[in-house]
Amino acid sequence: MKRLAILFTFLFATISLAAGQRLPHEAVPENYKLIFTPNLEKATFQGDDTISVRVLKPTSQITLNAVDIDFREVTIASGGVTQKATVSPQKENEMVVLAVEKPLAAGAAATIHITYTGILNNEMRGFYLGKDDQGRKYAASQFEATDARRAFPGFDEPGYKATFDITAVAPKGDVAISNSKVSSDTPGPGDSHTVKFETTPKMSSYLAALVVGQFEYLEGQADGIPIRVYTTPGKKEMGQFALETAEHVLSYYDNYFSIKYPYGKLDLVGIPDFSAGAMENTGCITFREVLLEIDDQHGSIRLKKEIASVIAHEMAHQWFGDLVTMAWWNDIWLNEGFATWMSSKPIEQWKPEWQFKLDDVTDADRTMTTDSLASTRPIEQPAETPAQIEELFDSIAYGKAAAVLRMIEAYVGEQTFRAGVNAYLHAHQYANATAKDFWNAQTTTSKKPVDHIMSTFVDQPGVPVVDVKTQCSGGSTVVSMDQRRYYSDRKDFEAPNNEFWQIPLCMKSSDGTQKCELLGKRQGTTALAGCAAWILGNAEANGYYRVGYQPEAIRSLAADAESKLSPAEQIELQSNVWASVLVGREPVGDFLAVAEGLNNNRNRAVMEYLLGRLDYIGRYLVTENDRDSYRAWVRSYLTPIMDSVGWEPKRGESDETRALRSSVLMSLGYDGRDPKALQEARNIADRALQDPASVSHEVAFSAFRVAAFNGDQAFYDKLIAALKTAKSPEQYYMYLFALPRFSDPQLLERTLNFAVSPEVRSQDALEVISAVMGNPAGEKLAWDFIQSRWSDVQEAGGPFAGAEIVAATESFCSNGMRDDVASFYDAHKITAAERTYRQSIEHINDCVDLKSQQEPHLASWLGQHNSAAGEQ
């Protein structure tokens, strides 16, 4: 499952108490026969559930998961005897106990038959009701992690794999889509038609899927597998890019894995209302529309990359997660980390100019930011309750796990790692596995201590930092290494800690020599030939660790960064210097010196990382007295870059140049307040509103946001009007997310009210509110709105409103706002956001501390820089 914004949820419950939410292992399912009859007008459905099971021990009861299910008739048949069962709900555990008079024998086959009714809810989980842009209703499923139980009673845990025979009784004219091919489609009963699907291979309950509504499709194929992209009516042509992507990705995976795609057909379905980004149901992947549908001619490269990445992620799950499934949710990182790591490979082969490997480096750094908090968690963490399970779908499961896998692949070699992956898949196909199964396969294949390395990165939280010191001795460079846990909190970082990791560490000297070795102790030394001007501590940025450098080494690396470091290493250098700034090891001026060393760089990924840090500095570290000086420096730094890429696209220019133009326009206009950039942004936005096809969506996205900064009510009203006539999901979101960027408090107040109105879909409401919170002009306004309209925010945002809003408060940077967050949290007791709350408080405290320590350093650097510029 791909999340647009990772939601952290947490419920205070001890493991001993939570263990009651695991099924008691009385029987195992072998096959489900499910018949769903949705009533879209009444928002209900009728269900018929027949489960063939094998009884594991003598018992007179069988326990199933079920939520919001109204049981009608329940029988259990075994040994030629059919018995009516009594139903005893255990609502707190999301279970029901089915009891019969005559005990069932151990080892016996039994058949559970249940007729029931359920709710087509409005929460985008279980089996739920939605509407498309034209008001046409549909029903769709979203079962991961623990919501299949809202659609049918069953064994809703990943270890209970079974085959599924799914039937939909759909309204006449509606399409039914599920995991397998249609085996029959017959008229009736009444004004309906009955669609039966072929039996699925064995799979976990959370991977079952059903969509019923008015949809149309484009069709293609790869390696003999039919591929369809489904959209709501009138949008299927916007599925062309997704279809092309899926065809390439499937061919790549069929070649990479030694097991061909196992599910017979592949459907990609765009859903107007969808809580996640996408979901890897076997053979039937569901998506938010914006992550599947794009105007292939005018759509932005940035969105095409995101669509391609999400498709590749979900398709990787067909092997890692679907074919082989984690035994329990504590190993969800095996699913999500692998799919995140794997998703770059087919796109890198298909579109090498998009430089996905560099985005992987940036993503790893983003993950390290979370992993540097004291409240982070290990990759593998116990979880028993639905809330604890939901908590595991975070940046650690996705980003950290992917980065660690990338490091191990570099350590053992790409082909060796691939052989280990295939050995693992062959051993556990159509079954379940654990993390140890995976790394033991890699250890056996590579004959390297992968198991020891992985255990240090999987079982303990945090990210290591390796301090590197060099000395020339006897014609060699002697490198001293000292590792410890890195914390973004200065006090935690400076305190003694005993954690250490088995780190596959690769170094590179100023003459290009590389050396790799395993650092398995707190301290170590090694030597490289020749007396190097500097040593880079993470060659090619493959390692999941930070590097601490001496000040003179930073200056030497900055001087040579443009000429001797690869783009990945340039990002890595920035990342490590910034990490040193955060904990007070280096003044912020050292980071800006690195930036100046990259002033001729035109690599999109390198510059985007830099621009993100410049935005942070401008927002949090600049005093009012120094703001004009900082903006002047930003303008002087970025104007030559903007001049070189130009305001308008050029014939034959690369996709990366188009993306760079958009990013620089955003930074020059917003962070630099450059008058020309502000005017150009408004001109582009006005043209785009008049004729969206006349402007590249790449630059229009930034232009709308920059134009909104000085935008008036007339411009705001044009955006609201444009929302109603948007021709593609990308256009819609381009307009929608310009609204939170205005500076006028009255317009931002309108945006907040608009977000909780019926005009904005539930899936988007909290993102709009969070975006206003992320705007310095709207920060306090949005927070006051949330507190005064909390019930409306909860209703608009659905079941995850509390966690997402608490997560958004991490952008605050004052003691007063921190205390407000704490008071609000204490008053509302959002039990599903405990870890999120602690992490937000940490982020705020770290920012407050950084501001106090670095403000004077920045003022000094700007003063010296401006003096030097004046003398020139």
# chains A, B, ... in the order shown; residues from 1 in each chain; ligands from 1
call {"tool": "residues_around", "arguments": {"residues": "Leu748 of chain A", "least_positions_apart": "4", "cutoff": "9 Å", "atoms": "only C-alpha atoms", "output": "list in words"}}
result
Leu739, Pro740, Arg741, Phe742, Ser743, Asp744, Leu752, Asn753, Val772, Ala777, Gly778, Leu781 and Ala782 of chain A
call {"tool": "residues_around", "arguments": {"residues": "Arg761 of chain A", "least_positions_apart": "5", "cutoff": "10 Å", "atoms": "only C-alpha atoms", "output": "ChimeraX atom specification"}}
result
/A:130-131,272-274,755-756,766,796-797
call {"tool": "residues_around", "arguments": {"residues": "Asp437 of chain A", "least_positions_apart": "5", "cutoff": "9 Å", "atoms": "only C-alpha atoms", "output": "VMD selection string"}}
result
chain A and resid 424 428 442
call {"tool": "closest_residue", "arguments": {"among": "A:Pro89, A:Pro567, A:Pro675, A:Pro856", "to": "Lys357 of chain A", "atoms": "only C-alpha atoms"}}
result
A:Pro567
call {"tool": "atom_distance", "arguments": {"atom1": "atom CA of Pro386 of chain A", "atom2": "atom CA of Glu92 of chain A"}}
result
11.0 Å
call {"tool": "residues_around", "arguments": {"residues": "segment 624-631 of chain A", "least_positions_apart": "4", "cutoff": "7 Å", "atoms": "only C-alpha atoms", "output": "list in words"}}
result
Arg635, Asp671, Gly672, Arg673, Ala859 and Leu862 of chain A
call {"tool": "atom_distance", "arguments": {"atom1": "atom CA of Thr370 of chain A", "atom2": "atom CA of Asp482 of chain A"}}
result
22.4 Å
call {"tool": "closest_residue", "arguments": {"among": "A:Arg838, A:Leu519, A:Phe701, A:Pro776", "to": "Asp615 of chain A", "atoms": "only C-alpha atoms"}}
result
A:Pro776
call {"tool": "select_by_dssp", "arguments": {"residues": "segment 501-632 of chain A", "states": "strand (DSSP E or B)", "output": "number ranges by chain"}}
result
A: 503-509, 514-519, 523-529, 535-536, 546-548
call {"tool": "closest_atom_pairs", "arguments": {"of": "segment 198-243 of chain A", "to": "segment 133-145 of chain A", "cutoff": "8 Å", "atoms": "only C-alpha atoms", "output": "JSON lines"}}
result
{"residue": "A:Ser205", "atom": "CA", "partner": "A:Phe143", "partner_atom": "CA", "distance": 7.8}
{"residue": "A:Tyr206", "atom": "CA", "partner": "A:Phe143", "partner_atom": "CA", "distance": 4.9}
{"residue": "A:Leu207", "atom": "CA", "partner": "A:Phe143", "partner_atom": "CA", "distance": 6.9}
{"residue": "A:Ala208", "atom": "CA", "partner": "A:Phe143", "partner_atom": "CA", "distance": 7.4}
{"residue": "A:Ala209", "atom": "CA", "partner": "A:Ser141", "partner_atom": "CA", "distance": 5.7}
{"residue": "A:Leu210", "atom": "CA", "partner": "A:Ser141", "partner_atom": "CA", "distance": 5.7}
{"residue": "A:Val211", "atom": "CA", "partner": "A:Ala140", "partner_atom": "CA", "distance": 4.4}
{"residue": "A:Val212", "atom": "CA", "partner": "A:Ala139", "partner_atom": "CA", "distance": 5.2}
{"residue": "A:Gly213", "atom": "CA", "partner": "A:Tyr138", "partner_atom": "CA", "distance": 4.4}
{"residue": "A:Gln214", "atom": "CA", "partner": "A:Tyr138", "partner_atom": "CA", "distance": 7.1}
call {"tool": "residues_around", "arguments": {"residues": "Cys506 of chain A", "least_positions_apart": "5", "cutoff": "12 Å", "atoms": "only C-alpha atoms", "output": "MDAnalysis selection string"}}
result
chainID A and resid 407 410:411 466 468 479 481 513:519 526 528 535:545 547 569
call {"tool": "residues_around", "arguments": {"residues": "segment 111-124 of chain A", "least_positions_apart": "4", "cutoff": "7 Å", "atoms": "only C-alpha atoms", "output": "number ranges by chain"}}
result
A: 43-53, 68-78, 128-129, 142, 151, 273-275, 798-799
call {"tool": "residues_around", "arguments": {"residues": "Pro449 of chain A", "least_positions_apart": "4", "cutoff": "12 Å", "atoms": "only C-alpha atoms", "output": "PyMOL selection string"}}
result
chain A and resi 408+411-412+439-445+453-456+502-504+518+520
call {"tool": "closest_residue", "arguments": {"among": "A:Val760, A:Ile177, A:Ala364, A:Val699", "to": "Ile720 of chain A", "atoms": "only C-alpha atoms"}}
result
A:Val760
call {"tool": "select_by_dssp", "arguments": {"residues": "segment 337-539 of chain A", "states": "alpha helix (DSSP H)", "output": "ChimeraX atom specification"}}
result
/A:337-350,356-371,386-391,395,401-412,414-428,435-446,450-458,490-494
call {"tool": "closest_residue", "arguments": {"among": "A:Ile617, A:Val634, A:Val463, A:Ala593", "to": "Val577 of chain A", "atoms": "only C-alpha atoms"}}
result
A:Ala593
call {"tool": "closest_residue", "arguments": {"among": "A:Asn845, A:Asn65, A:Ser852, A:Gln794", "to": "Asn815 of chain A", "atoms": "only C-alpha atoms"}}
result
A:Asn845
call {"tool": "atom_distance", "arguments": {"atom1": "atom CA of Asp223 of chain A", "atom2": "atom CA of Glu280 of chain A"}}
result
19.9 Å
